[in-house]
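Just below is one structure, and these are the notes that go with it.
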Amino acid sequence: MSDTKFSNSSSLTNEIVDILRERILKGEYIIGEKIIENQIATEFRVSRTPIRDAFKQLESEGLIDYIPNRGSFAKGFTKQDMQDIYSVRSALEQLAIEWAIERITAKELEQLQNQIELMEFYTKRKDCQKVMETNVAFHGIIYRSTRSRFLSHILKSYQEYVQQARRATVSEQENLDVICIEHKEILKAIRDKNVEDAKFKIARHLDNSRNRAQSKWNIK
């Protein structure tokens, strides 16, 4: 039985969606496994209504297949999904870093430097969770510095999927040093206003992240 406590009724469905999404993306429900509303409702000690709403949301995200008269089944996260996510992310983040170099402010450069210093600190302490948080913040500053609401929205729209991959790569302590180095190289290229080098460094970082995630997950 889950000990999960939900904050309030208005966010109940969203919280259930977050939990089930993470389970599906982490492979706790294998691809094709039936997910039963009654069992989830019993586990979380809630009615079937928020569970049903959560299933609809996950179906719209492509993480659950609903088959009439049979039920809902986990679609999971495949190797092709991983390839696709990182290919899309690499293309968009190369564009983002190009625009960021054109538009970034001195204050935002300072913020990036602060995140690097935090990442170095937490890397030395082998604090995987904090490294992941600084990783997210670092990329978020780059997104904002593009001054493009449209691009920033697209980049943020698939963050739930990217976050699962990040957890896979950053949760391994042996990856922390190289992740920190990769981010320092990206920042140097931004400071140097070297667009081609920055695009190369972000693409290489994402290629390495994809390889680390696939190795960790061993997905099909």
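In the structure tokens, chains take the letters A, B, ... in the order shown, each chain's residues start at 1, and ligands count up from 1 in the order shown.
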How close does each residue of segment 59-118 of chain A get to segment 19-38 of chain A, giving the shortest atom pair and distance in Å to one decimal for every residue with an atom at most 12 Å away, counting only C-alpha atoms, sorted by chain and residue number, as a Markdown table?
```
| residue | atom | partner | partner_atom | distance |
| --- | --- | --- | --- | --- |
| A:Glu59 | CA | A:Arg21 | CA | 10.4 |
| A:Ser60 | CA | A:Arg21 | CA | 11.8 |
| A:Glu61 | CA | A:Arg21 | CA | 9.4 |
| A:Gly62 | CA | A:Arg21 | CA | 10.4 |
| A:Leu63 | CA | A:Ile24 | CA | 7.2 |
| A:Ile64 | CA | A:Ile24 | CA | 8.7 |
| A:Asp65 | CA | A:Gly32 | CA | 8.6 |
| A:Tyr66 | CA | A:Lys34 | CA | 9.7 |
| A:Ile67 | CA | A:Lys34 | CA | 10.4 |
| A:Arg70 | CA | A:Lys34 | CA | 8.9 |
| A:Gly71 | CA | A:Lys34 | CA | 7.0 |
| A:Ser72 | CA | A:Ile35 | CA | 5.7 |
| A:Phe73 | CA | A:Lys34 | CA | 4.3 |
| A:Ala74 | CA | A:Gly32 | CA | 5.3 |
| A:Lys75 | CA | A:Ile31 | CA | 5.0 |
| A:Gly76 | CA | A:Ile31 | CA | 5.0 |
| A:Phe77 | CA | A:Leu25 | CA | 5.5 |
| A:Thr78 | CA | A:Ile31 | CA | 8.6 |
| A:Lys79 | CA | A:Leu25 | CA | 11.5 |
| A:Asp81 | CA | A:Leu25 | CA | 10.4 |
| A:Met82 | CA | A:Leu25 | CA | 10.5 |
```
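On the backbone of this structure, DSSP gives strand (DSSP E or B) within segment 47-210 of chain A to Ile64, Asp65, Tyr66, Ile67, Gly71, Ser72, Phe73 and Ala74 of chain A.
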What parts of segment 32-218 of chain A does DSSP call helix (DSSP H, G or I)? I'd like the answer as number ranges by chain. A: 37-44, 48-60, 79-103, 106-124, 128-145, 149-157, 159-170, 173-191, 195-217
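Using only C-alpha atoms for every distance, the candidate list A:Leu12, A:Gln80, A:Ile142, A:Asn135 yields A:Gln80 as the residue closest to Gln214 of chain A.
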